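Visitor: My structure is in model09.pdb, and what it holds is PDB, C-alpha atoms, pLDDT in the B column:
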MODEL        1
ATOM      1  CA  MET A   1      50.789 -25.931   3.252  1.00 87.00           C
ATOM      2  CA  THR A   2      53.600 -24.020   1.611  1.00 91.00           C
ATOM      3  CA  PRO A   3      52.886 -20.654  -0.062  1.00 89.00           C
ATOM      4  CA  GLU A   4      53.300 -22.266  -3.497  1.00 92.00           C
ATOM      5  CA  GLU A   5      50.860 -25.058  -2.606  1.00 92.00           C
ATOM      6  CA  ILE A   6      48.340 -22.478  -1.446  1.00 93.00           C
ATOM      7  CA  LYS A   7      48.742 -20.485  -4.670  1.00 92.00           C
ATOM      8  CA  THR A   8      48.253 -23.619  -6.787  1.00 92.00           C
ATOM      9  CA  ALA A   9      45.146 -24.661  -4.856  1.00 93.00           C
ATOM     10  CA  LEU A  10      43.613 -21.180  -4.913  1.00 93.00           C
ATOM     11  CA  SER A  11      44.334 -20.807  -8.624  1.00 93.00           C
ATOM     12  CA  ALA A  12      42.178 -23.917  -9.126  1.00 92.00           C
ATOM     13  CA  VAL A  13      39.456 -22.348  -6.998  1.00 91.00           C
ATOM     14  CA  GLN A  14      39.381 -19.329  -9.298  1.00 91.00           C
ATOM     15  CA  VAL A  15      38.294 -21.530 -12.219  1.00 89.00           C
ATOM     16  CA  SER A  16      36.127 -23.916 -10.201  1.00 87.00           C
ATOM     17  CA  PRO A  17      32.536 -24.137 -11.540  1.00 82.00           C
ATOM     18  CA  ILE A  18      31.168 -24.305  -8.000  1.00 83.00           C
ATOM     19  CA  ALA A  19      33.206 -21.526  -6.402  1.00 87.00           C
ATOM     20  CA  SER A  20      31.289 -18.444  -5.258  1.00 84.00           C
ATOM     21  CA  GLU A  21      32.272 -14.990  -6.453  1.00 88.00           C
ATOM     22  CA  TRP A  22      33.403 -14.223  -2.907  1.00 91.00           C
ATOM     23  CA  ALA A  23      35.655 -17.320  -2.867  1.00 92.00           C
ATOM     24  CA  LYS A  24      37.185 -16.361  -6.214  1.00 93.00           C
ATOM     25  CA  GLY A  25      37.807 -12.804  -5.086  1.00 94.00           C
ATOM     26  CA  PHE A  26      39.278 -13.920  -1.768  1.00 93.00           C
ATOM     27  CA  SER A  27      41.547 -16.395  -3.566  1.00 94.00           C
ATOM     28  CA  ALA A  28      42.828 -13.677  -5.888  1.00 94.00           C
ATOM     29  CA  SER A  29      43.525 -11.433  -2.900  1.00 94.00           C
ATOM     30  CA  ILE A  30      45.447 -14.159  -1.051  1.00 94.00           C
ATOM     31  CA  ILE A  31      47.510 -15.026  -4.141  1.00 95.00           C
ATOM     32  CA  GLU A  32      48.421 -11.362  -4.526  1.00 94.00           C
ATOM     33  CA  GLN A  33      49.413 -11.183  -0.852  1.00 93.00           C
ATOM     34  CA  ILE A  34      51.633 -14.276  -1.182  1.00 94.00           C
ATOM     35  CA  ASN A  35      53.280 -12.845  -4.317  1.00 94.00           C
ATOM     36  CA  LYS A  36      54.206  -9.773  -2.277  1.00 93.00           C
ATOM     37  CA  GLY A  37      55.870 -12.000   0.308  1.00 93.00           C
ATOM     38  CA  ARG A  38      53.356 -11.323   3.073  1.00 92.00           C
ATOM     39  CA  LYS A  39      52.547 -13.904   5.713  1.00 92.00           C
ATOM     40  CA  LEU A  40      48.945 -15.031   6.068  1.00 93.00           C
ATOM     41  CA  SER A  41      47.153 -14.559   9.363  1.00 93.00           C
ATOM     42  CA  GLU A  42      45.553 -17.411  11.272  1.00 94.00           C
ATOM     43  CA  LYS A  43      42.102 -16.186  10.249  1.00 94.00           C
ATOM     44  CA  GLN A  44      43.116 -15.985   6.591  1.00 94.00           C
ATOM     45  CA  MET A  45      44.494 -19.537   6.733  1.00 94.00           C
ATOM     46  CA  PHE A  46      41.211 -20.755   8.200  1.00 94.00           C
ATOM     47  CA  HIS A  47      39.309 -19.329   5.211  1.00 94.00           C
ATOM     48  CA  VAL A  48      41.938 -20.586   2.756  1.00 94.00           C
ATOM     49  CA  LYS A  49      41.595 -24.172   4.001  1.00 94.00           C
ATOM     50  CA  LYS A  50      37.798 -23.961   3.985  1.00 93.00           C
ATOM     51  CA  ILE A  51      37.664 -22.581   0.435  1.00 93.00           C
ATOM     52  CA  ILE A  52      40.056 -25.236  -0.844  1.00 93.00           C
ATOM     53  CA  ALA A  53      37.994 -27.999   0.814  1.00 92.00           C
ATOM     54  CA  ASP A  54      34.709 -26.538  -0.473  1.00 89.00           C
ATOM     55  CA  ASN A  55      36.037 -26.602  -4.029  1.00 88.00           C
ATOM     56  CA  SER A  56      37.945 -29.891  -4.048  1.00 89.00           C
ATOM     57  CA  GLU A  57      37.367 -32.567  -6.698  1.00 88.00           C
ATOM     58  CA  ASN A  58      35.162 -34.482  -4.261  1.00 91.00           C
ATOM     59  CA  ALA A  59      33.156 -31.334  -3.554  1.00 89.00           C
ATOM     60  CA  GLN A  60      32.657 -30.807  -7.292  1.00 89.00           C
ATOM     61  CA  VAL A  61      31.425 -34.393  -7.721  1.00 92.00           C
ATOM     62  CA  GLU A  62      28.946 -33.889  -4.864  1.00 92.00           C
ATOM     63  CA  ALA A  63      27.848 -30.591  -6.376  1.00 91.00           C
ATOM     64  CA  GLU A  64      27.115 -32.300  -9.700  1.00 93.00           C
ATOM     65  CA  LYS A  65      25.047 -34.957  -7.905  1.00 96.00           C
ATOM     66  CA  TRP A  66      23.115 -32.246  -6.074  1.00 96.00           C
ATOM     67  CA  MET A  67      22.491 -30.374  -9.313  1.00 94.00           C
ATOM     68  CA  THR A  68      20.908 -33.482 -10.833  1.00 96.00           C
ATOM     69  CA  THR A  69      18.857 -34.174  -7.704  1.00 97.00           C
ATOM     70  CA  TYR A  70      17.700 -30.574  -7.480  1.00 97.00           C
ATOM     71  CA  HIS A  71      16.511 -30.366 -11.083  1.00 96.00           C
ATOM     72  CA  GLU A  72      14.775 -33.754 -10.973  1.00 97.00           C
ATOM     73  CA  LYS A  73      13.190 -33.539  -7.504  1.00 97.00           C
ATOM     74  CA  TYR A  74      13.056 -29.989  -6.190  1.00 97.00           C
ATOM     75  CA  GLN A  75      13.142 -27.388  -8.951  1.00 97.00           C
ATOM     76  CA  ALA A  76       9.373 -27.162  -9.558  1.00 96.00           C
ATOM     77  CA  ASP A  77       8.699 -26.800  -5.830  1.00 97.00           C
ATOM     78  CA  ALA A  78      11.535 -24.303  -5.505  1.00 97.00           C
ATOM     79  CA  LYS A  79      10.095 -22.015  -8.166  1.00 95.00           C
ATOM     80  CA  TYR A  80       6.683 -22.186  -6.495  1.00 96.00           C
ATOM     81  CA  LEU A  81       8.128 -21.350  -3.076  1.00 96.00           C
ATOM     82  CA  ALA A  82      10.177 -18.508  -4.548  1.00 94.00           C
ATOM     83  CA  GLY A  83       6.939 -16.634  -5.235  1.00 91.00           C
ATOM     84  CA  TYR A  84       6.227 -16.505  -1.517  1.00 94.00           C
ATOM     85  CA  TYR A  85       9.766 -15.740  -0.384  1.00 94.00           C
ATOM     86  CA  THR A  86       9.983 -12.896  -2.903  1.00 91.00           C
ATOM     87  CA  THR A  87       7.456 -11.105  -0.670  1.00 89.00           C
ATOM     88  CA  THR A  88       9.651 -11.551   2.430  1.00 91.00           C
ATOM     89  CA  ASN A  89      13.175 -10.612   3.478  1.00 89.00           C
ATOM     90  CA  TYR A  90      14.205 -14.222   4.037  1.00 92.00           C
ATOM     91  CA  PHE A  91      16.456 -16.419   1.879  1.00 94.00           C
ATOM     92  CA  ARG A  92      17.078 -13.590  -0.586  1.00 93.00           C
ATOM     93  CA  SER A  93      20.196 -15.061  -2.216  1.00 91.00           C
ATOM     94  CA  LEU A  94      18.497 -18.450  -2.548  1.00 94.00           C
ATOM     95  CA  VAL A  95      15.410 -16.924  -4.133  1.00 94.00           C
ATOM     96  CA  ASP A  96      17.550 -14.930  -6.570  1.00 94.00           C
ATOM     97  CA  ALA A  97      19.397 -18.113  -7.584  1.00 93.00           C
ATOM     98  CA  ILE A  98      16.146 -20.065  -8.026  1.00 95.00           C
ATOM     99  CA  LYS A  99      14.498 -17.330 -10.093  1.00 93.00           C
ATOM    100  CA  ALA A 100      17.624 -17.058 -12.263  1.00 93.00           C
ATOM    101  CA  GLY A 101      17.543 -20.806 -12.937  1.00 94.00           C
ATOM    102  CA  ARG A 102      20.708 -21.559 -10.979  1.00 92.00           C
ATOM    103  CA  THR A 103      21.116 -24.488  -8.601  1.00 93.00           C
ATOM    104  CA  PRO A 104      21.002 -23.156  -5.019  1.00 92.00           C
ATOM    105  CA  PRO A 105      23.445 -24.439  -2.361  1.00 90.00           C
ATOM    106  CA  ARG A 106      22.188 -27.773  -1.013  1.00 92.00           C
ATOM    107  CA  ARG A 107      22.330 -27.129   2.731  1.00 91.00           C
ATOM    108  CA  ALA A 108      20.754 -23.671   2.571  1.00 93.00           C
ATOM    109  CA  PHE A 109      18.048 -24.800   0.159  1.00 96.00           C
ATOM    110  CA  LEU A 110      17.032 -27.802   2.242  1.00 96.00           C
ATOM    111  CA  LYS A 111      16.821 -25.543   5.293  1.00 95.00           C
ATOM    112  CA  MET A 112      14.366 -23.317   3.415  1.00 96.00           C
ATOM    113  CA  TYR A 113      12.507 -26.258   1.897  1.00 97.00           C
ATOM    114  CA  GLY A 114      12.061 -27.942   5.270  1.00 95.00           C
ATOM    115  CA  ASN A 115      10.751 -25.021   7.309  1.00 95.00           C
ATOM    116  CA  LYS A 116       7.135 -24.827   8.461  1.00 95.00           C
ATOM    117  CA  TYR A 117       6.114 -22.132   5.983  1.00 95.00           C
ATOM    118  CA  ALA A 118       7.401 -24.046   2.977  1.00 96.00           C
ATOM    119  CA  LYS A 119       5.692 -27.216   4.172  1.00 96.00           C
ATOM    120  CA  LYS A 120       2.410 -25.360   4.627  1.00 96.00           C
ATOM    121  CA  ILE A 121       2.621 -23.760   1.185  1.00 96.00           C
ATOM    122  CA  LEU A 122       3.305 -27.069  -0.554  1.00 97.00           C
ATOM    123  CA  ALA A 123       0.524 -28.780   1.417  1.00 96.00           C
ATOM    124  CA  GLU A 124      -1.948 -26.071   0.355  1.00 96.00           C
ATOM    125  CA  ARG A 125      -0.891 -26.494  -3.268  1.00 96.00           C
ATOM    126  CA  GLU A 126      -1.925 -30.156  -3.197  1.00 96.00           C
ATOM    127  CA  LYS A 127      -5.478 -29.316  -2.130  1.00 96.00           C
ATOM    128  CA  PRO A 128      -8.009 -29.175  -4.989  1.00 97.00           C
ATOM    129  CA  PRO A 129      -9.216 -25.674  -5.950  1.00 97.00           C
ATOM    130  CA  ARG A 130     -12.518 -24.652  -4.361  1.00 97.00           C
ATOM    131  CA  PHE A 131     -13.655 -22.926  -7.560  1.00 97.00           C
ATOM    132  CA  ASP A 132     -13.739 -24.181 -11.141  1.00 96.00           C
ATOM    133  CA  ALA A 133     -13.118 -22.123 -14.257  1.00 96.00           C
ATOM    134  CA  ARG A 134     -16.057 -19.886 -15.268  1.00 96.00           C
ATOM    135  CA  THR A 135     -17.463 -19.918 -11.712  1.00 97.00           C
ATOM    136  CA  HIS A 136     -19.013 -16.573 -10.739  1.00 98.00           C
ATOM    137  CA  VAL A 137     -17.362 -15.466  -7.502  1.00 98.00           C
ATOM    138  CA  VAL A 138     -17.534 -12.401  -5.273  1.00 98.00           C
ATOM    139  CA  GLY A 139     -15.419 -11.152  -2.428  1.00 97.00           C
ATOM    140  CA  ASN A 140     -16.208 -12.565   0.996  1.00 97.00           C
ATOM    141  CA  SER A 141     -16.309 -10.599   4.260  1.00 96.00           C
ATOM    142  CA  LYS A 142     -12.501 -10.491   4.394  1.00 97.00           C
ATOM    143  CA  PHE A 143     -12.061  -9.077   0.900  1.00 97.00           C
ATOM    144  CA  ARG A 144     -10.895  -5.528   0.277  1.00 95.00           C
ATOM    145  CA  PRO A 145      -9.599  -4.005  -2.958  1.00 94.00           C
ATOM    146  CA  ASP A 146      -6.074  -3.970  -1.502  1.00 94.00           C
ATOM    147  CA  LYS A 147      -6.236  -7.774  -1.303  1.00 95.00           C
ATOM    148  CA  VAL A 148      -5.921  -7.978  -5.082  1.00 95.00           C
ATOM    149  CA  VAL A 149      -2.550  -9.584  -5.833  1.00 94.00           C
ATOM    150  CA  ARG A 150      -0.185  -7.712  -8.100  1.00 86.00           C
ATOM    151  CA  ALA A 151       0.148  -9.395 -11.487  1.00 82.00           C
ATOM    152  CA  THR A 152       3.567 -10.607 -12.604  1.00 74.00           C
ATOM    153  CA  ASP A 153       3.284  -8.265 -15.601  1.00 67.00           C
ATOM    154  CA  PHE A 154       1.741  -5.400 -13.623  1.00 57.00           C
ATOM    155  CA  SER A 155       3.939  -2.810 -15.320  1.00 56.00           C
ATOM    156  CA  ALA A 156       2.056  -3.444 -18.567  1.00 54.00           C
ATOM    157  CA  GLN A 157      -1.308  -2.702 -16.953  1.00 59.00           C
ATOM    158  CA  SER A 158      -2.965   0.689 -16.829  1.00 81.00           C
ATOM    159  CA  TRP A 159      -3.494   1.676 -13.204  1.00 84.00           C
ATOM    160  CA  GLN A 160      -6.757   3.340 -14.183  1.00 87.00           C
ATOM    161  CA  ILE A 161      -8.107   0.210 -15.875  1.00 88.00           C
ATOM    162  CA  LEU A 162      -6.856  -1.952 -12.999  1.00 88.00           C
ATOM    163  CA  ASN A 163      -8.542   0.230 -10.391  1.00 91.00           C
ATOM    164  CA  GLU A 164     -11.755   0.207 -12.419  1.00 93.00           C
ATOM    165  CA  SER A 165     -11.624  -3.593 -12.540  1.00 93.00           C
ATOM    166  CA  LYS A 166     -11.093  -3.767  -8.775  1.00 94.00           C
ATOM    167  CA  SER A 167     -14.106  -1.522  -8.257  1.00 95.00           C
ATOM    168  CA  LEU A 168     -16.276  -3.586 -10.620  1.00 95.00           C
ATOM    169  CA  PHE A 169     -15.276  -6.792  -8.862  1.00 97.00           C
ATOM    170  CA  SER A 170     -16.127  -5.277  -5.494  1.00 96.00           C
ATOM    171  CA  LYS A 171     -19.631  -4.442  -6.814  1.00 95.00           C
ATOM    172  CA  HIS A 172     -20.454  -7.374  -9.084  1.00 96.00           C
ATOM    173  CA  GLY A 173     -17.785 -10.058  -8.642  1.00 97.00           C
ATOM    174  CA  GLY A 174     -16.219 -11.804 -11.601  1.00 97.00           C
ATOM    175  CA  PHE A 175     -15.609 -15.096 -13.352  1.00 98.00           C
ATOM    176  CA  ILE A 176     -12.743 -17.484 -12.645  1.00 98.00           C
ATOM    177  CA  VAL A 177     -10.365 -17.804 -15.590  1.00 97.00           C
ATOM    178  CA  LYS A 178      -7.786 -20.154 -14.074  1.00 97.00           C
ATOM    179  CA  VAL A 179      -5.710 -20.979 -11.017  1.00 97.00           C
ATOM    180  CA  GLU A 180      -2.290 -19.319 -11.130  1.00 95.00           C
ATOM    181  CA  ASN A 181       0.820 -21.442 -10.592  1.00 94.00           C
ATOM    182  CA  ARG A 182       2.251 -19.104  -7.967  1.00 93.00           C
ATOM    183  CA  VAL A 183       1.698 -18.119  -4.375  1.00 95.00           C
ATOM    184  CA  VAL A 184       2.397 -14.994  -2.333  1.00 94.00           C
ATOM    185  CA  SER A 185       1.408 -16.057   1.184  1.00 95.00           C
ATOM    186  CA  ALA A 186       1.665 -19.058   3.491  1.00 95.00           C
ATOM    187  CA  ALA A 187      -1.939 -18.699   4.651  1.00 94.00           C
ATOM    188  CA  LYS A 188      -4.631 -21.327   4.334  1.00 96.00           C
ATOM    189  CA  GLY A 189      -6.502 -20.767   1.064  1.00 97.00           C
ATOM    190  CA  ASN A 190      -3.528 -19.130  -0.651  1.00 97.00           C
ATOM    191  CA  LYS A 191      -4.286 -20.330  -4.192  1.00 97.00           C
ATOM    192  CA  ILE A 192      -4.361 -17.359  -6.547  1.00 97.00           C
ATOM    193  CA  TYR A 193      -7.140 -17.124  -9.135  1.00 98.00           C
ATOM    194  CA  SER A 194      -7.139 -15.109 -12.338  1.00 97.00           C
ATOM    195  CA  ILE A 195     -10.535 -13.423 -12.425  1.00 97.00           C
ATOM    196  CA  LEU A 196     -12.288 -11.325 -15.060  1.00 97.00           C
ATOM    197  CA  PRO A 197     -14.561  -8.871 -13.233  1.00 97.00           C
ATOM    198  CA  VAL A 198     -18.069  -8.406 -14.609  1.00 96.00           C
ATOM    199  CA  SER A 199     -17.738  -5.673 -17.289  1.00 94.00           C
ATOM    200  CA  GLY A 200     -14.046  -5.386 -16.418  1.00 90.00           C
ATOM    201  CA  LYS A 201     -11.346  -4.698 -19.011  1.00 90.00           C
ATOM    202  CA  CYS A 202      -8.477  -6.602 -17.391  1.00 92.00           C
ATOM    203  CA  ILE A 203      -7.775  -9.714 -15.351  1.00 94.00           C
ATOM    204  CA  ILE A 204      -7.217  -9.339 -11.611  1.00 95.00           C
ATOM    205  CA  HIS A 205      -5.737 -11.855  -9.178  1.00 97.00           C
ATOM    206  CA  ILE A 206      -7.225 -12.764  -5.804  1.00 98.00           C
ATOM    207  CA  GLU A 207      -6.416 -15.454  -3.247  1.00 98.00           C
ATOM    208  CA  GLU A 208      -8.973 -18.172  -2.605  1.00 98.00           C
ATOM    209  CA  ARG A 209      -9.373 -17.180   1.055  1.00 98.00           C
ATOM    210  CA  PHE A 210     -11.015 -13.901  -0.002  1.00 98.00           C
ATOM    211  CA  LEU A 211     -13.598 -15.442  -2.362  1.00 98.00           C
ATOM    212  CA  LYS A 212     -17.001 -17.087  -2.241  1.00 97.00           C
ATOM    213  CA  LYS A 213     -19.507 -18.202  -4.864  1.00 97.00           C
ATOM    214  CA  ALA A 214     -21.920 -15.557  -6.022  1.00 96.00           C
ATOM    215  CA  LYS A 215     -25.575 -16.118  -5.190  1.00 90.00           C
ATOM    216  CA  ARG A 216     -27.779 -16.928  -8.137  1.00 79.00           C
TER
ENDMDL
END
Would you mind writing the file out in structure tokens?
Guide:
Amino acid sequence: MTPEEIKTALSAVQVSPIASEWAKGFSASIIEQINKGRKLSEKQMFHVKKIIADNSENAQVEAEKWMTTYHEKYQADAKYLAGYYTTTNYFRSLVDAIKAGRTPPRRAFLKMYGNKYAKKILAEREKPPRFDARTHVVGNSKFRPDKVVRATDFSAQSWQILNESKSLFSKHGGFIVKVENRVVSAAKGNKIYSILPVSGKCIIHIEERFLKKAKR
């Protein structure tokens, strides 16, 4: 490719709807280097060719197809899985994209979606809840106050009231309000329940694996 052909192609990359911020920045840097009459290194040419290919018209058509497929087939599962991966150091950029409502890159997303943890989480989601709404439950032998899951709006809760509710649940249990549509672990019994402790002033959240029915 001639320098002018490279500049034209990279200028298109800079306005491509599928180009990453890194690709756009790299393209701008290469265009500036060409304008100064500098020769590109072999490594730079490798990245130039890859960026141009990744943002070609065919690549944009495939990206549009993937966007449709993702939203129709995977988005609900992706948001559910993001709750778990938020608690880990894995797939951070993917999770950020999913939580922001953007379409994640196909190859990277399918790698995450197909791993054993994701499969286990989605399989657990399909199991019916062990406890119905209004069921009186208590903590089982594995429960400790630190097993209470942080609420999504935890910043709005008073720590004093929350700690009181944890203590009341530990003593008297509480009543199931609903099953949350989120997950924070890949363990068996990872469904999260919203629970109102007996005499408690706020809802707490506990995974199914730490609960049992209260004795009558």
Visitor: Using the chain letters and numbers from the file, give me the residues hit by the PyMOL selection byres ((chain A and resi 199-207) around 8), as a list in words.
Guide: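 For this structure, the PyMOL selection byres ((chain A and resi 199-207) around 8) captures Lys147, Val148, Val149, Arg150, Ala151, Ile161, Leu162, Glu164, Ser165, Lys166, Leu168, Phe169, Gly189, Asn190, Lys191, Ile192, Tyr193, Ser194, Ile195, Leu196, Pro197, Val198, Glu208, Arg209, Phe210 and Leu211 of chain A.
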Visitor: What is the distance, in Å and to one decimal place, between atom CA of A:Lys119 and atom CA of A:Arg144?
Guide: 27.6 Å
Visitor: Do a neighbour search on stretch 54-60 of chain A at 10 Å with all atoms listed in the file, toss out local chain neighbours closer than 5 positions, and write the hits as a list in words.
Guide: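 Close residues of stretch 54-60 of chain A: Ala9, Leu10, Ala12, Val13, Gln14, Val15, Ser16, Pro17, Ile18, Ala19, Ser20, Ala23, Val48, Lys49, Lys65 and Trp66 of chain A.
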Visitor: Quote the spacing between atom CA of A:Gln44 and atom CA of A:Pro105 in Å to one decimal place.
Guide: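 Here the two named atoms are 23.2 Å from each other.
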Visitor: Please compute the atom CA of A:Ala76-atom CA of A:Met112 distance, one decimal, in Å.
Guide: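 Interatomic distance here is 14.4 Å.
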Visitor: Skip A:Leu40 itself and residues of its chain fewer than 2 positions away, then list as a ChimeraX atom specification all residues within 12 Å of it, counting all atoms listed in the file.
Guide: /A:1-3,6,29-38,42-49
Visitor: Apply the PyMOL selection byres ((chain A and resi 215) around 10) to the file shown and report the selected residues as a list of chain:residue names.
Guide: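 After applying the PyMOL selection byres ((chain A and resi 215) around 10), what remains is A:His136, A:Val137, A:Val138, A:Lys212, A:Lys213, A:Ala214, A:Arg216.
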Visitor: Can I get the selection written as a PDB file, keeping the file's coordinate frame, with C-alpha atoms?
Guide:
ATOM      1  CA  HIS A 136     -19.013 -16.573 -10.739  1.00 98.00           C
ATOM      2  CA  VAL A 137     -17.362 -15.466  -7.502  1.00 98.00           C
ATOM      3  CA  VAL A 138     -17.534 -12.401  -5.273  1.00 98.00           C
ATOM      4  CA  LYS A 212     -17.001 -17.087  -2.241  1.00 97.00           C
ATOM      5  CA  LYS A 213     -19.507 -18.202  -4.864  1.00 97.00           C
ATOM      6  CA  ALA A 214     -21.920 -15.557  -6.022  1.00 96.00           C
ATOM      7  CA  ARG A 216     -27.779 -16.928  -8.137  1.00 79.00           C
TER       8      ARG A 216
END
Visitor: Which residues would end up in the selection if the PyMOL selection byres ((chain A and resi 80) around 9) were applied here, given that I need the answer as an mmCIF file with C-alpha atoms, in the coordinates of the input?
Guide:
data_model
loop_
_atom_site.group_PDB
_atom_site.id
_atom_site.type_symbol
_atom_site.label_atom_id
_atom_site.label_comp_id
_atom_site.auth_asym_id
_atom_site.auth_seq_id
_atom_site.Cartn_x
_atom_site.Cartn_y
_atom_site.Cartn_z
ATOM 1 C CA GLN A 75 13.142 -27.388 -8.951
ATOM 2 C CA ALA A 76 9.373 -27.162 -9.558
ATOM 3 C CA ASP A 77 8.699 -26.800 -5.830
ATOM 4 C CA ALA A 78 11.535 -24.303 -5.505
ATOM 5 C CA LYS A 79 10.095 -22.015 -8.166
ATOM 6 C CA LEU A 81 8.128 -21.350 -3.076
ATOM 7 C CA ALA A 82 10.177 -18.508 -4.548
ATOM 8 C CA GLY A 83 6.939 -16.634 -5.235
ATOM 9 C CA TYR A 84 6.227 -16.505 -1.517
ATOM 10 C CA ILE A 121 2.621 -23.760 1.185
ATOM 11 C CA LEU A 122 3.305 -27.069 -0.554
ATOM 12 C CA ASN A 181 0.820 -21.442 -10.592
ATOM 13 C CA ARG A 182 2.251 -19.104 -7.967
ATOM 14 C CA VAL A 183 1.698 -18.119 -4.375
#
Visitor: Could you tell me which of A:Met67, A:Ala187, A:Val61, A:Ile98 comes closest to A:Lys120 if we count all atoms listed in the file?
Guide: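 Among the listed residues, the smallest separation from A:Lys120 belongs to A:Ala187.
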Visitor: Choose the residue, out of A:Lys99, A:Lys50, A:Lys127, A:Lys73, that has the smallest atom-to-atom separation from A:Tyr113; count only C-alpha atoms.
Guide: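 Nearest candidate to A:Tyr113 out of A:Lys99, A:Lys50, A:Lys127, A:Lys73: A:Lys73.
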Visitor: Let me make sure I understand: among A:Thr8, A:Thr87, A:Gln160, A:Thr69, which one has the smallest atom-to-atom distance to A:Leu110 if we use all atoms listed in the file?
Guide: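 Of A:Thr8, A:Thr87, A:Gln160, A:Thr69, the one nearest A:Leu110 is A:Thr69, counting all atoms listed in the file.
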Visitor: I'd like to know which of A:Lys24, A:Arg92, A:Arg106, A:Lys188 is closest to A:Tyr74, using all atoms listed in the file.
Guide: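 Counting all atoms listed in the file, the residue closest to A:Tyr74 is A:Arg106.
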Visitor: Could you check which of A:Lys142, A:Lys7, A:Arg134, A:Arg125 is closest to A:Gly174, using all atoms listed in the file?
Guide: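 Selected residue with least distance to A:Gly174: A:Arg134.
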